[in-house]
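As structure tokens, the structure follows; a few thoughts come after it.
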Amino acid sequence: MLKGPRVELRTIQAGDAPLMYRWHNDPRVASEMGMRHTLFATSMEEERTALQRIVATSSEQYLIIQLKGGRPIGYASLARIDLRNASARLTVVIGEPAEWGNGYGKEVTSLLTNYAFNVLNIHRLYLRVPDYNQRAIRCFTACGFQKEGTLRDDHFHLGSYRSSHLMSILREECQR
Ligand SMILES: CC(C)(COP(=O)(O)OP(=O)(O)OC[C@H]1O[C@@H](n2cnc3c(N)ncnc32)[C@H](O)[C@@H]1OP(=O)(O)O)[C@@H](O)C(=O)NCCC(=O)NCCS
């Protein structure tokens, strides 16, 4: 378990499928992430299958974000862990919109960044963020991530093609 001043990160379990189902099916969360909108929502069965795969692989680490006291508010992950090139992709999702803007995203990003660099010996962390998700861009910028490029019109969002930014941080740029 990774512990910060206000949040804890615990390993995800197969039994967390209902939480992932709720967060992924909240249009406010899906919209911020630029997830593909289809006519049908993600099913519980898909979430269960995805979690079975996740808990069985070592190249992806998914963690439930919970407040002190145990209330789950989202998840974070280090995926595409590439040992040869010492890189990984970071995702942070506060799945409860009522908790947005309370500083939890920055705390989680900082915890996972330090874990990746100092425990997993990762050299480069990267992520993709839609260009209209200014809260996420500010969160990751505050934690030391830099924009390194733009994926032009890489997804169709609410009626038009929108772009995403790639952001990254190298170990020597990490402040703590
Ligand atoms: C993106 C996310 C992880 C950020 O976590 P958070 O706890 O909401 O954010 P924090 O409070 O830690 O930091 C937010 C930053 O954005 C700013 N901010 C808050 N609300 C904002 C808004 N509506 N618009 C722009 N900036 C905003 C804050 O001031 C802070 O920046 P600062 O440190 O420069 O002052 C979280 O909002 C989330 O999970 N959203 C839905 C899923 C998502 O977008 N994930 C990222 C996908 S790449």
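Identifiers for the structure tokens are assigned positionally: chains receive A, B, ... in sequence, residues are indexed from 1 per chain, and ligands are indexed from 1 in the order shown.
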Would you mind listing the residues within 10 Å of ligand 1, counting only C-alpha atoms and all ligand atoms, as a PyMOL selection string? chain A and resi 23-24+26+28-35+73-76+90-110+127-143+164-167
Could you please write out, as a short mmCIF file (atom, residue, chain, number, x, y, z; two decimals) with N, CA and C atoms, in the first residue's frame, every residue of region 4-117 of chain A that DSSP assigns to alpha helix (DSSP H)?
```cif
data_model
loop_
_atom_site.label_atom_id
_atom_site.label_comp_id
_atom_site.auth_asym_id
_atom_site.auth_seq_id
_atom_site.Cartn_x
_atom_site.Cartn_y
_atom_site.Cartn_z
N ALA A 17 -14.65 -4.70 -9.63
CA ALA A 17 -15.34 -4.48 -10.91
C ALA A 17 -16.53 -3.51 -10.79
N PRO A 18 -17.37 -3.61 -9.75
CA PRO A 18 -18.50 -2.65 -9.66
C PRO A 18 -18.04 -1.20 -9.55
N LEU A 19 -16.90 -0.95 -8.89
CA LEU A 19 -16.39 0.42 -8.80
C LEU A 19 -15.96 0.91 -10.19
N MET A 20 -15.21 0.09 -10.90
CA MET A 20 -14.74 0.48 -12.24
C MET A 20 -15.93 0.68 -13.17
N TYR A 21 -16.93 -0.18 -13.02
CA TYR A 21 -18.15 -0.06 -13.83
C TYR A 21 -18.81 1.30 -13.58
N ARG A 22 -18.93 1.68 -12.32
CA ARG A 22 -19.57 2.97 -12.01
C ARG A 22 -18.77 4.14 -12.57
N TRP A 23 -17.47 4.13 -12.36
CA TRP A 23 -16.65 5.27 -12.80
C TRP A 23 -16.60 5.36 -14.33
N HIS A 24 -16.43 4.23 -15.00
CA HIS A 24 -16.33 4.27 -16.46
C HIS A 24 -17.66 4.60 -17.12
N PRO A 27 -20.79 9.64 -17.40
CA PRO A 27 -20.43 10.44 -18.59
C PRO A 27 -19.52 11.60 -18.27
N ARG A 28 -19.57 12.12 -17.04
CA ARG A 28 -18.67 13.23 -16.68
C ARG A 28 -17.22 12.77 -16.68
N VAL A 29 -16.99 11.56 -16.16
CA VAL A 29 -15.63 11.00 -16.11
C VAL A 29 -15.17 10.62 -17.52
N ALA A 30 -16.03 9.89 -18.24
CA ALA A 30 -15.67 9.44 -19.59
C ALA A 30 -15.37 10.62 -20.50
N SER A 31 -16.14 11.69 -20.36
CA SER A 31 -15.95 12.85 -21.21
C SER A 31 -14.59 13.50 -20.97
N GLU A 32 -14.20 13.63 -19.71
CA GLU A 32 -12.91 14.24 -19.40
C GLU A 32 -11.75 13.42 -19.95
N MET A 33 -11.93 12.10 -20.01
CA MET A 33 -10.85 11.23 -20.46
C MET A 33 -10.81 11.10 -21.97
N MET A 44 -20.72 -4.73 -17.00
CA MET A 44 -20.06 -5.30 -15.83
C MET A 44 -19.19 -6.48 -16.24
N GLU A 45 -19.68 -7.26 -17.22
CA GLU A 45 -18.92 -8.42 -17.69
C GLU A 45 -17.58 -7.98 -18.29
N GLU A 46 -17.60 -6.88 -19.07
CA GLU A 46 -16.34 -6.38 -19.65
C GLU A 46 -15.38 -5.94 -18.55
N GLU A 47 -15.93 -5.26 -17.53
CA GLU A 47 -15.06 -4.82 -16.42
C GLU A 47 -14.46 -6.02 -15.70
N ARG A 48 -15.27 -7.06 -15.48
CA ARG A 48 -14.75 -8.26 -14.79
C ARG A 48 -13.65 -8.92 -15.61
N THR A 49 -13.87 -9.02 -16.91
CA THR A 49 -12.88 -9.65 -17.80
C THR A 49 -11.59 -8.82 -17.81
N ALA A 50 -11.75 -7.50 -17.88
CA ALA A 50 -10.57 -6.63 -17.90
C ALA A 50 -9.79 -6.77 -16.59
N LEU A 51 -10.49 -6.84 -15.46
CA LEU A 51 -9.81 -6.95 -14.18
C LEU A 51 -9.10 -8.30 -14.04
N GLN A 52 -9.70 -9.36 -14.55
CA GLN A 52 -9.04 -10.67 -14.50
C GLN A 52 -7.71 -10.62 -15.25
N ARG A 53 -7.71 -9.93 -16.40
CA ARG A 53 -6.49 -9.80 -17.18
C ARG A 53 -5.46 -8.94 -16.44
N ILE A 54 -5.95 -7.84 -15.85
CA ILE A 54 -5.04 -6.91 -15.17
C ILE A 54 -4.35 -7.57 -13.98
N VAL A 55 -5.12 -8.30 -13.16
CA VAL A 55 -4.50 -8.87 -11.95
C VAL A 55 -3.53 -10.00 -12.31
N ALA A 56 -3.61 -10.52 -13.55
CA ALA A 56 -2.75 -11.64 -13.93
C ALA A 56 -1.48 -11.18 -14.65
N TYR A 104 -6.41 15.79 -4.67
CA TYR A 104 -6.11 14.35 -4.62
C TYR A 104 -5.34 13.90 -5.86
N GLY A 105 -5.67 14.44 -7.03
CA GLY A 105 -4.98 14.05 -8.26
C GLY A 105 -3.50 14.35 -8.18
N LYS A 106 -3.16 15.52 -7.65
CA LYS A 106 -1.74 15.87 -7.53
C LYS A 106 -1.04 14.95 -6.54
N GLU A 107 -1.73 14.62 -5.44
CA GLU A 107 -1.12 13.75 -4.44
C GLU A 107 -0.88 12.35 -5.02
N VAL A 108 -1.86 11.83 -5.74
CA VAL A 108 -1.72 10.50 -6.34
C VAL A 108 -0.60 10.50 -7.39
N THR A 109 -0.58 11.53 -8.23
CA THR A 109 0.45 11.61 -9.27
C THR A 109 1.84 11.65 -8.64
N SER A 110 1.98 12.43 -7.58
CA SER A 110 3.26 12.52 -6.90
C SER A 110 3.66 11.18 -6.27
N LEU A 111 2.70 10.52 -5.62
CA LEU A 111 2.99 9.22 -5.00
C LEU A 111 3.45 8.20 -6.04
N LEU A 112 2.71 8.12 -7.15
CA LEU A 112 3.01 7.10 -8.16
C LEU A 112 4.28 7.43 -8.94
N THR A 113 4.53 8.71 -9.13
CA THR A 113 5.75 9.12 -9.82
C THR A 113 6.97 8.71 -9.00
N ASN A 114 6.92 8.98 -7.70
CA ASN A 114 8.03 8.60 -6.83
C ASN A 114 8.19 7.09 -6.75
N TYR A 115 7.07 6.38 -6.71
CA TYR A 115 7.13 4.91 -6.68
C TYR A 115 7.76 4.38 -7.98
N ALA A 116 7.34 4.94 -9.11
CA ALA A 116 7.86 4.47 -10.39
C ALA A 116 9.37 4.72 -10.50
N PHE A 117 9.82 5.91 -10.11
CA PHE A 117 11.24 6.23 -10.26
C PHE A 117 12.12 5.55 -9.21
#
```
So, with only C-alpha atoms as the atoms that count, which of A:His157, A:Arg80, A:Arg171, A:His123 lies closest to Gly144 (chain A)?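 Answer, going by the shortest atom-to-atom distance: A:Arg171.
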Please provide the set of residues having any atom within 8 Å of Glu8 (chain A), restricted to only C-alpha atoms, with same-chain residues fewer than 3 positions apart removed, written as a compact mmCIF listing (two decimals) with C-alpha atoms, in the first residue's frame.
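So the final result, stored in result_24.txt, reads:
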```
# COMPACT_ATOMS: atom_id res chain seq x y z
CA MET A 1 0.00 0.00 0.00
CA LEU A 2 1.28 3.46 -0.94
CA LYS A 3 0.31 6.10 1.63
CA GLY A 4 0.22 9.86 1.25
CA ILE A 65 -7.32 5.39 -4.76
CA GLN A 66 -8.95 5.56 -1.36
CA LEU A 67 -9.25 8.27 1.24
CA LYS A 68 -7.91 7.72 4.75
```
Any idea what the distance is between CA of Val7 (chain A) and CA of Ala41 (chain A)?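 Atom-to-atom, CA of Val7 (chain A) to CA of Ala41 (chain A), that is 29.0 Å.
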I need the residues of region 23-168 of chain A that end up classed as strand (DSSP E) by DSSP on the backbone, written out as JSON, numbers by chain. {"A": [61, 62, 63, 64, 65, 66, 67, 72, 73, 74, 75, 76, 77, 78, 79, 80, 81, 82, 87, 88, 89, 90, 91, 92, 93, 94, 124, 125, 126, 127, 128, 129, 130, 146, 147, 148, 149, 150, 151, 152, 153, 154, 155, 156, 157, 160, 161, 162, 163, 164, 165, 166, 167, 168]}
Residue neighbourhood Ala88 (chain A), 7 Å, only C-alpha atoms, exclusion window fewer than 6 positions, as a list in words: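 Near Ala88 (chain A), the qualifying residues are Leu78, Ala79, Arg80, Ile81, Asp82, Arg124, Leu125 and Tyr126 of chain A.
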